[in-house]
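Asker: Got a structure for you, protein30.pdb, holding PDB, C-alpha atoms.
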ATOM      1  CA  MET A   7       0.000   0.000   0.000
ATOM      2  CA  ALA A   8       2.855   2.412   0.767
ATOM      3  CA  ARG A   9       4.222   1.786  -2.715
ATOM      4  CA  SER A  10       0.957   2.684  -4.427
ATOM      5  CA  THR A  11       0.670   5.855  -2.315
ATOM      6  CA  ALA A  12       4.193   6.850  -3.352
ATOM      7  CA  ALA A  13       3.399   6.067  -6.994
ATOM      8  CA  ARG A  14       0.249   8.202  -6.837
ATOM      9  CA  ARG A  15       2.203  11.057  -5.275
ATOM     10  CA  HIS A  16       4.931  10.748  -7.904
ATOM     11  CA  GLU A  17       2.294  10.975 -10.607
ATOM     12  CA  ALA A  18       0.665  13.982  -8.922
ATOM     13  CA  PHE A  19       4.106  15.621  -8.650
ATOM     14  CA  ALA A  20       4.751  15.074 -12.382
ATOM     15  CA  HIS A  21       1.405  16.668 -13.283
ATOM     16  CA  GLU A  22       2.084  19.665 -11.016
ATOM     17  CA  TYR A  23       5.649  20.028 -12.283
ATOM     18  CA  VAL A  24       4.555  20.147 -15.933
ATOM     19  CA  ARG A  25       2.296  23.144 -15.181
ATOM     20  CA  ASP A  26       5.191  25.598 -14.714
ATOM     21  CA  HIS A  27       8.409  23.567 -14.288
ATOM     22  CA  ASN A  28       8.743  24.726 -10.688
ATOM     23  CA  GLY A  29       9.760  21.612  -8.788
ATOM     24  CA  THR A  30       9.712  23.301  -5.388
ATOM     25  CA  ARG A  31       6.143  24.493  -5.852
ATOM     26  CA  ALA A  32       5.010  21.145  -7.258
ATOM     27  CA  TYR A  33       6.540  19.241  -4.343
ATOM     28  CA  LYS A  34       4.861  21.507  -1.791
ATOM     29  CA  VAL A  35       1.480  21.026  -3.492
ATOM     30  CA  VAL A  36       1.773  17.230  -3.400
ATOM     31  CA  TYR A  37       3.387  17.142   0.054
ATOM     32  CA  PRO A  38       1.611  19.998   1.887
ATOM     33  CA  LYS A  39       3.273  19.209   5.236
ATOM     34  CA  VAL A  40       6.597  20.296   3.737
ATOM     35  CA  THR A  41       6.836  24.058   4.290
ATOM     36  CA  SER A  42      10.552  24.663   3.695
ATOM     37  CA  ASP A  43      11.463  25.725   0.151
ATOM     38  CA  LYS A  44      14.921  24.251   0.619
ATOM     39  CA  VAL A  45      13.590  20.825   1.632
ATOM     40  CA  ALA A  46      10.980  20.897  -1.133
ATOM     41  CA  GLY A  47      13.611  21.904  -3.710
ATOM     42  CA  VAL A  48      16.007  19.119  -2.715
ATOM     43  CA  ASN A  49      13.237  16.517  -2.743
ATOM     44  CA  ALA A  50      11.856  17.816  -6.047
ATOM     45  CA  ALA A  51      15.307  17.440  -7.605
ATOM     46  CA  ARG A  52      15.472  13.880  -6.233
ATOM     47  CA  LEU A  53      12.060  13.071  -7.726
ATOM     48  CA  LEU A  54      13.014  14.589 -11.080
ATOM     49  CA  GLY A  55      16.029  12.266 -11.093
ATOM     50  CA  ASN A  56      13.746   9.255 -10.678
ATOM     51  CA  ALA A  57      13.510   7.434 -14.033
ATOM     52  CA  LYS A  58       9.755   6.793 -13.746
ATOM     53  CA  VAL A  59       8.978  10.398 -12.804
ATOM     54  CA  LYS A  60      11.280  11.689 -15.552
ATOM     55  CA  ALA A  61       9.539   9.457 -18.119
ATOM     56  CA  LEU A  62       6.099  10.598 -16.961
ATOM     57  CA  VAL A  63       7.120  14.265 -17.183
ATOM     58  CA  ALA A  64       8.411  13.686 -20.733
ATOM     59  CA  GLN A  65       5.173  11.898 -21.643
ATOM     60  CA  LEU A  66       3.018  14.707 -20.215
ATOM     61  CA  GLU A  67       5.056  17.382 -22.020
ATOM     62  CA  ALA A  68       4.817  15.490 -25.310
ATOM     63  CA  ALA A  69       1.053  15.174 -24.857
ATOM     64  CA  ALA A  70       0.802  18.910 -24.125
ATOM     65  CA  ALA A  71       2.815  19.754 -27.241
ATOM     66  CA  GLU A  72       0.597  17.459 -29.288
ATOM     67  CA  ARG A  73      -2.575  19.066 -27.887
ATOM     68  CA  VAL A  74      -1.440  22.472 -29.094
ATOM     69  CA  ASN A  75      -0.305  20.850 -32.348
ATOM     70  CA  VAL A  76       3.313  21.946 -32.020
ATOM     71  CA  ASP A  77       6.299  20.012 -33.221
ATOM     72  CA  ILE A  78      10.018  20.689 -32.955
ATOM     73  CA  ASP A  79      10.301  21.733 -36.607
ATOM     74  CA  GLU A  80       7.594  24.360 -36.179
ATOM     75  CA  LEU A  81       9.215  25.657 -33.002
ATOM     76  CA  LEU A  82      12.587  25.913 -34.706
ATOM     77  CA  ARG A  83      11.071  27.686 -37.738
ATOM     78  CA  THR A  84       9.356  30.203 -35.446
ATOM     79  CA  SER A  85      12.535  30.789 -33.423
ATOM     80  CA  LEU A  86      14.464  31.266 -36.657
ATOM     81  CA  ALA A  87      11.828  33.702 -37.963
ATOM     82  CA  LEU A  88      11.956  35.717 -34.726
ATOM     83  CA  ALA A  89      15.752  35.775 -34.846
ATOM     84  CA  HIS A  90      15.632  37.227 -38.390
ATOM     85  CA  VAL A  91      12.964  39.901 -37.894
ATOM     86  CA  ASP A  92      13.979  43.199 -39.431
ATOM     87  CA  PRO A  93      12.436  46.242 -37.681
ATOM     88  CA  ALA A  94      12.417  47.984 -41.072
ATOM     89  CA  ASP A  95       9.527  45.671 -42.052
ATOM     90  CA  ILE A  96       7.342  47.584 -39.579
ATOM     91  CA  PHE A  97       7.914  51.017 -41.117
ATOM     92  CA  ASN A  98       7.215  52.715 -44.427
ATOM     93  CA  PRO A  99      10.125  54.271 -46.353
ATOM     94  CA  ASP A 100       9.164  57.720 -44.958
ATOM     95  CA  GLY A 101       9.607  56.440 -41.367
ATOM     96  CA  SER A 102       5.921  56.224 -40.503
ATOM     97  CA  MET A 103       4.662  52.979 -39.074
ATOM     98  CA  LYS A 104       2.738  50.652 -41.368
ATOM     99  CA  THR A 105      -0.794  49.665 -40.425
ATOM    100  CA  ILE A 106      -0.908  46.360 -38.575
ATOM    101  CA  HIS A 107      -2.250  44.550 -41.660
ATOM    102  CA  GLU A 108       0.612  45.843 -43.839
ATOM    103  CA  ILE A 109       3.268  44.441 -41.497
ATOM    104  CA  PRO A 110       4.460  40.986 -42.607
ATOM    105  CA  ARG A 111       3.324  38.143 -40.324
ATOM    106  CA  GLN A 112       6.910  37.301 -39.358
ATOM    107  CA  ALA A 113       7.462  40.857 -38.112
ATOM    108  CA  ARG A 114       4.088  40.933 -36.329
ATOM    109  CA  LEU A 115       5.160  37.878 -34.316
ATOM    110  CA  ALA A 116       7.990  39.965 -32.870
ATOM    111  CA  ILE A 117       5.700  42.772 -31.662
ATOM    112  CA  VAL A 118       4.969  42.308 -27.962
ATOM    113  CA  GLY A 119       3.054  45.531 -27.467
ATOM    114  CA  PHE A 120       2.637  49.172 -28.342
ATOM    115  CA  GLU A 121       3.318  52.383 -26.483
ATOM    116  CA  VAL A 122       0.786  55.051 -27.412
ATOM    117  CA  ILE A 123       1.653  58.680 -26.693
ATOM    118  CA  GLU A 124      -1.098  61.226 -27.221
ATOM    119  CA  GLU A 125      -0.583  64.965 -26.983
ATOM    120  CA  PHE A 126      -3.510  67.291 -26.410
ATOM    121  CA  GLU A 127      -3.986  71.028 -26.687
ATOM    122  CA  GLY A 128      -6.426  73.106 -24.659
ATOM    123  CA  THR A 129      -8.565  72.175 -21.685
ATOM    124  CA  GLY A 130     -12.151  71.178 -21.024
ATOM    125  CA  LYS A 131     -14.419  71.272 -24.070
ATOM    126  CA  LYS A 132     -11.680  72.971 -26.095
ATOM    127  CA  ARG A 133      -9.264  70.089 -25.553
ATOM    128  CA  ARG A 134      -8.265  68.430 -28.815
ATOM    129  CA  LEU A 135      -5.844  65.769 -29.900
ATOM    130  CA  VAL A 136      -2.746  67.297 -31.486
ATOM    131  CA  SER A 137      -0.681  64.167 -32.123
ATOM    132  CA  ARG A 138      -0.637  60.447 -31.540
ATOM    133  CA  LYS A 139       2.602  58.478 -31.658
ATOM    134  CA  ILE A 140       2.554  54.697 -31.641
ATOM    135  CA  LYS A 141       5.806  52.943 -30.817
ATOM    136  CA  PRO A 142       6.014  49.172 -31.249
ATOM    137  CA  ARG A 143       7.801  47.181 -28.528
ATOM    138  CA  LEU A 144       9.683  44.294 -30.104
ATOM    139  CA  LEU A 145      10.590  40.929 -28.673
ATOM    140  CA  ASP A 146      14.230  40.573 -27.690
ATOM    141  CA  LYS A 147      15.947  38.432 -30.353
ATOM    142  CA  ASN A 148      18.468  36.959 -27.937
ATOM    143  CA  PRO A 149      16.222  34.218 -26.495
ATOM    144  CA  SER A 150      15.371  33.009 -30.014
ATOM    145  CA  LEU A 151      19.023  32.973 -30.991
ATOM    146  CA  ASP A 152      19.921  31.292 -27.715
ATOM    147  CA  ARG A 153      17.372  28.511 -28.317
ATOM    148  CA  LEU A 154      18.720  27.940 -31.827
ATOM    149  CA  PHE A 155      22.322  27.853 -30.570
ATOM    150  CA  ARG A 156      21.365  25.369 -27.873
ATOM    151  CA  TYR A 157      19.511  23.184 -30.330
ATOM    152  CA  GLU A 158      22.574  23.086 -32.547
ATOM    153  CA  GLY A 159      24.676  22.172 -29.500
ATOM    154  CA  MET A 160      26.764  25.318 -29.588
ATOM    155  CA  PHE A 161      26.877  25.447 -25.773
ATOM    156  CA  ARG A 162      28.668  22.186 -25.016
ATOM    157  CA  GLU A 163      28.807  22.696 -21.244
ATOM    158  CA  ASP A 164      25.077  21.977 -20.945
ATOM    159  CA  ASN A 165      24.229  18.666 -22.579
ATOM    160  CA  ALA A 166      20.612  18.762 -21.436
ATOM    161  CA  GLN A 167      19.842  21.933 -23.366
ATOM    162  CA  LYS A 168      18.268  20.319 -26.451
ATOM    163  CA  ALA A 169      15.549  18.870 -24.235
ATOM    164  CA  ASP A 170      14.852  22.330 -22.796
ATOM    165  CA  VAL A 171      14.306  24.006 -26.192
ATOM    166  CA  ILE A 172      10.617  23.107 -26.410
ATOM    167  CA  ARG A 173       9.889  24.088 -22.793
ATOM    168  CA  GLN A 174      11.660  27.427 -23.160
ATOM    169  CA  PHE A 175       9.877  28.221 -26.391
ATOM    170  CA  MET A 176       6.508  27.296 -24.890
ATOM    171  CA  ASP A 177       7.266  29.542 -21.893
ATOM    172  CA  ALA A 178       8.095  32.432 -24.221
ATOM    173  CA  VAL A 179       5.021  31.886 -26.370
ATOM    174  CA  SER A 180       2.717  31.550 -23.374
ATOM    175  CA  GLY A 181       4.058  34.791 -21.910
ATOM    176  CA  ARG A 182       5.576  33.229 -18.804
ATOM    177  CA  SER A 183       9.057  34.427 -19.725
ATOM    178  CA  ARG A 184       7.951  37.866 -21.011
ATOM    179  CA  GLY A 185      10.530  37.563 -23.806
ATOM    180  CA  LEU A 186      13.385  37.174 -21.377
ATOM    181  CA  PRO A 187      15.773  34.244 -21.422
ATOM    182  CA  VAL A 188      14.508  31.372 -19.317
ATOM    183  CA  PRO A 189      17.144  30.150 -16.856
ATOM    184  CA  PRO A 190      17.718  26.390 -16.743
ATOM    185  CA  SER A 191      15.474  24.669 -14.204
ATOM    186  CA  ARG A 192      17.299  23.770 -11.002
ATOM    187  CA  SER A 193      14.570  21.732  -9.421
TER     188      SER A 193
END
Before anything else, please render the file you have as structure tokens.

Answerer:
Amino acid sequence: MARSTAARRHEAFAHEYVRDHNGTRAYKVVYPKVTSDKVAGVNAARLLGNAKVKALVAQLEAAAAERVNVDIDELLRTSLALAHVDPADIFNPDGSMKTIHEIPRQARLAIVGFEVIEEFEGTGKKRRLVSRKIKPRLLDKNPSLDRLFRYEGMFREDNAQKADVIRQFMDAVSGRSRGLPVPPSRS
């Protein structure tokens, strides 16, 4: 009976871990009596080293990727497209910004937001809009380049990096990383 309880907890841990790749948090959810982050982190790392847990995590991640219909080739193509975005594609030759529908899809993927600056003249009922400036905020290219370098094995000191490419891309796409490089998971 103790074995089946442990197996159920290992499975619950794997499901929690796949949600955000935070082993400490996942361990504390499955083992609520553990309140220390340090203890939870050490035990999460131990569980992630367990072959059965590791296989279940890989299976759950593959199922998640399949549900969103993503494969490694598509992820690599998107990372490559983001790495090659030219900001000039967003602007007309006169320096004005193109309308959103005139911007090529590849360049639109790199836009993470807009800053709108409006200047007004007058007050009250006499207030009128004098100018509106729209500045696009672009995704940092470095994470896309970093993922491609890792996939190609250009960082030899970290042999586990090819396995992290999909997770890092999914984090970036889902907004969890906010376009910033995702540090390797330690738990």

Asker: Work out how far atom CA of A:Ala64 is from atom CA of A:Ser10, in Å to one decimal.

Answerer: 21.0 Å

Asker: Please evaluate the PyMOL selection byres ((chain A and resi 24-33) around 6) against the displayed coordinates and give the resulting residues as a list in words.

Answerer: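 Evaluating the PyMOL selection byres ((chain A and resi 24-33) around 6) on this file yields Phe19, His21, Glu22, Tyr23, Lys34, Val35, Val36, Tyr37, Ala46, Gly47, Ala50 and Ser193 of chain A.
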
Asker: I need the chosen residues saved as a PDB file, keeping the file's coordinate frame, with C-alpha atoms.

Answerer:
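Writing the result to out25.pdb gives the following:
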ATOM      1  CA  PHE A  19       4.106  15.621  -8.650  1.00  0.00           C
ATOM      2  CA  HIS A  21       1.405  16.668 -13.283  1.00  0.00           C
ATOM      3  CA  GLU A  22       2.084  19.665 -11.016  1.00  0.00           C
ATOM      4  CA  TYR A  23       5.649  20.028 -12.283  1.00  0.00           C
ATOM      5  CA  LYS A  34       4.861  21.507  -1.791  1.00  0.00           C
ATOM      6  CA  VAL A  35       1.480  21.026  -3.492  1.00  0.00           C
ATOM      7  CA  VAL A  36       1.773  17.230  -3.400  1.00  0.00           C
ATOM      8  CA  TYR A  37       3.387  17.142   0.054  1.00  0.00           C
ATOM      9  CA  ALA A  46      10.980  20.897  -1.133  1.00  0.00           C
ATOM     10  CA  GLY A  47      13.611  21.904  -3.710  1.00  0.00           C
ATOM     11  CA  ALA A  50      11.856  17.816  -6.047  1.00  0.00           C
ATOM     12  CA  SER A 193      14.570  21.732  -9.421  1.00  0.00           C
TER      13      SER A 193
END

Asker: Measure the distance from atom CA of A:Leu86 to atom CA of A:Val118 in Å and round it to one decimal.

Answerer: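 Value for the atom CA of A:Leu86-atom CA of A:Val118 distance: 17.0 Å.
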
Asker: Could you tell me which of A:Glu127, A:Pro93, A:Pro38, A:Ala87 comes closest to A:Ile109 if we count all atoms listed in the file?

Answerer: A:Pro93

Asker: Could you write out as a PDB file with C-alpha atoms, in the coordinates of the input the residues that the PyMOL selection byres ((chain A and resi 54) around 10) matches in the shown file?

Answerer:
ATOM      1  CA  HIS A  16       4.931  10.748  -7.904  1.00  0.00           C
ATOM      2  CA  PHE A  19       4.106  15.621  -8.650  1.00  0.00           C
ATOM      3  CA  ALA A  20       4.751  15.074 -12.382  1.00  0.00           C
ATOM      4  CA  TYR A  23       5.649  20.028 -12.283  1.00  0.00           C
ATOM      5  CA  GLY A  29       9.760  21.612  -8.788  1.00  0.00           C
ATOM      6  CA  VAL A  48      16.007  19.119  -2.715  1.00  0.00           C
ATOM      7  CA  ASN A  49      13.237  16.517  -2.743  1.00  0.00           C
ATOM      8  CA  ALA A  50      11.856  17.816  -6.047  1.00  0.00           C
ATOM      9  CA  ALA A  51      15.307  17.440  -7.605  1.00  0.00           C
ATOM     10  CA  ARG A  52      15.472  13.880  -6.233  1.00  0.00           C
ATOM     11  CA  LEU A  53      12.060  13.071  -7.726  1.00  0.00           C
ATOM     12  CA  GLY A  55      16.029  12.266 -11.093  1.00  0.00           C
ATOM     13  CA  ASN A  56      13.746   9.255 -10.678  1.00  0.00           C
ATOM     14  CA  ALA A  57      13.510   7.434 -14.033  1.00  0.00           C
ATOM     15  CA  LYS A  58       9.755   6.793 -13.746  1.00  0.00           C
ATOM     16  CA  VAL A  59       8.978  10.398 -12.804  1.00  0.00           C
ATOM     17  CA  LYS A  60      11.280  11.689 -15.552  1.00  0.00           C
ATOM     18  CA  ALA A  61       9.539   9.457 -18.119  1.00  0.00           C
ATOM     19  CA  LEU A  62       6.099  10.598 -16.961  1.00  0.00           C
ATOM     20  CA  VAL A  63       7.120  14.265 -17.183  1.00  0.00           C
ATOM     21  CA  SER A 193      14.570  21.732  -9.421  1.00  0.00           C
TER      22      SER A 193
END

Asker: Grab the atom CA of A:Val91 to atom CA of A:Pro110 distance for me, in Å with one decimal place.

Answerer: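 Taking atom CA of A:Val91 and atom CA of A:Pro110, their separation equals 9.8 Å.
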
Asker: Pull the neighbourhood of (10.1, 45.6, -28.3) for me: all residues within 10 Å in file coordinates, counting all atoms listed in the file, as a list of chain:residue names.

Answerer: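 So the residues meeting the distance criterion are A:Pro93, A:Ala116, A:Ile117, A:Val118, A:Gly119, A:Phe120, A:Glu121, A:Lys141, A:Pro142, A:Arg143, A:Leu144, A:Leu145, A:Asp146, A:Lys147, A:Gly185.
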
Asker: Write a file of the just-selected residues containing C-alpha atoms, as an mmCIF file, in the coordinates of the input.

Answerer:
data_model
loop_
_atom_site.group_PDB
_atom_site.id
_atom_site.type_symbol
_atom_site.label_atom_id
_atom_site.label_comp_id
_atom_site.auth_asym_id
_atom_site.auth_seq_id
_atom_site.Cartn_x
_atom_site.Cartn_y
_atom_site.Cartn_z
ATOM 1 C CA PRO A 93 12.436 46.242 -37.681
ATOM 2 C CA ALA A 116 7.990 39.965 -32.870
ATOM 3 C CA ILE A 117 5.700 42.772 -31.662
ATOM 4 C CA VAL A 118 4.969 42.308 -27.962
ATOM 5 C CA GLY A 119 3.054 45.531 -27.467
ATOM 6 C CA PHE A 120 2.637 49.172 -28.342
ATOM 7 C CA GLU A 121 3.318 52.383 -26.483
ATOM 8 C CA LYS A 141 5.806 52.943 -30.817
ATOM 9 C CA PRO A 142 6.014 49.172 -31.249
ATOM 10 C CA ARG A 143 7.801 47.181 -28.528
ATOM 11 C CA LEU A 144 9.683 44.294 -30.104
ATOM 12 C CA LEU A 145 10.590 40.929 -28.673
ATOM 13 C CA ASP A 146 14.230 40.573 -27.690
ATOM 14 C CA LYS A 147 15.947 38.432 -30.353
ATOM 15 C CA GLY A 185 10.530 37.563 -23.806
#
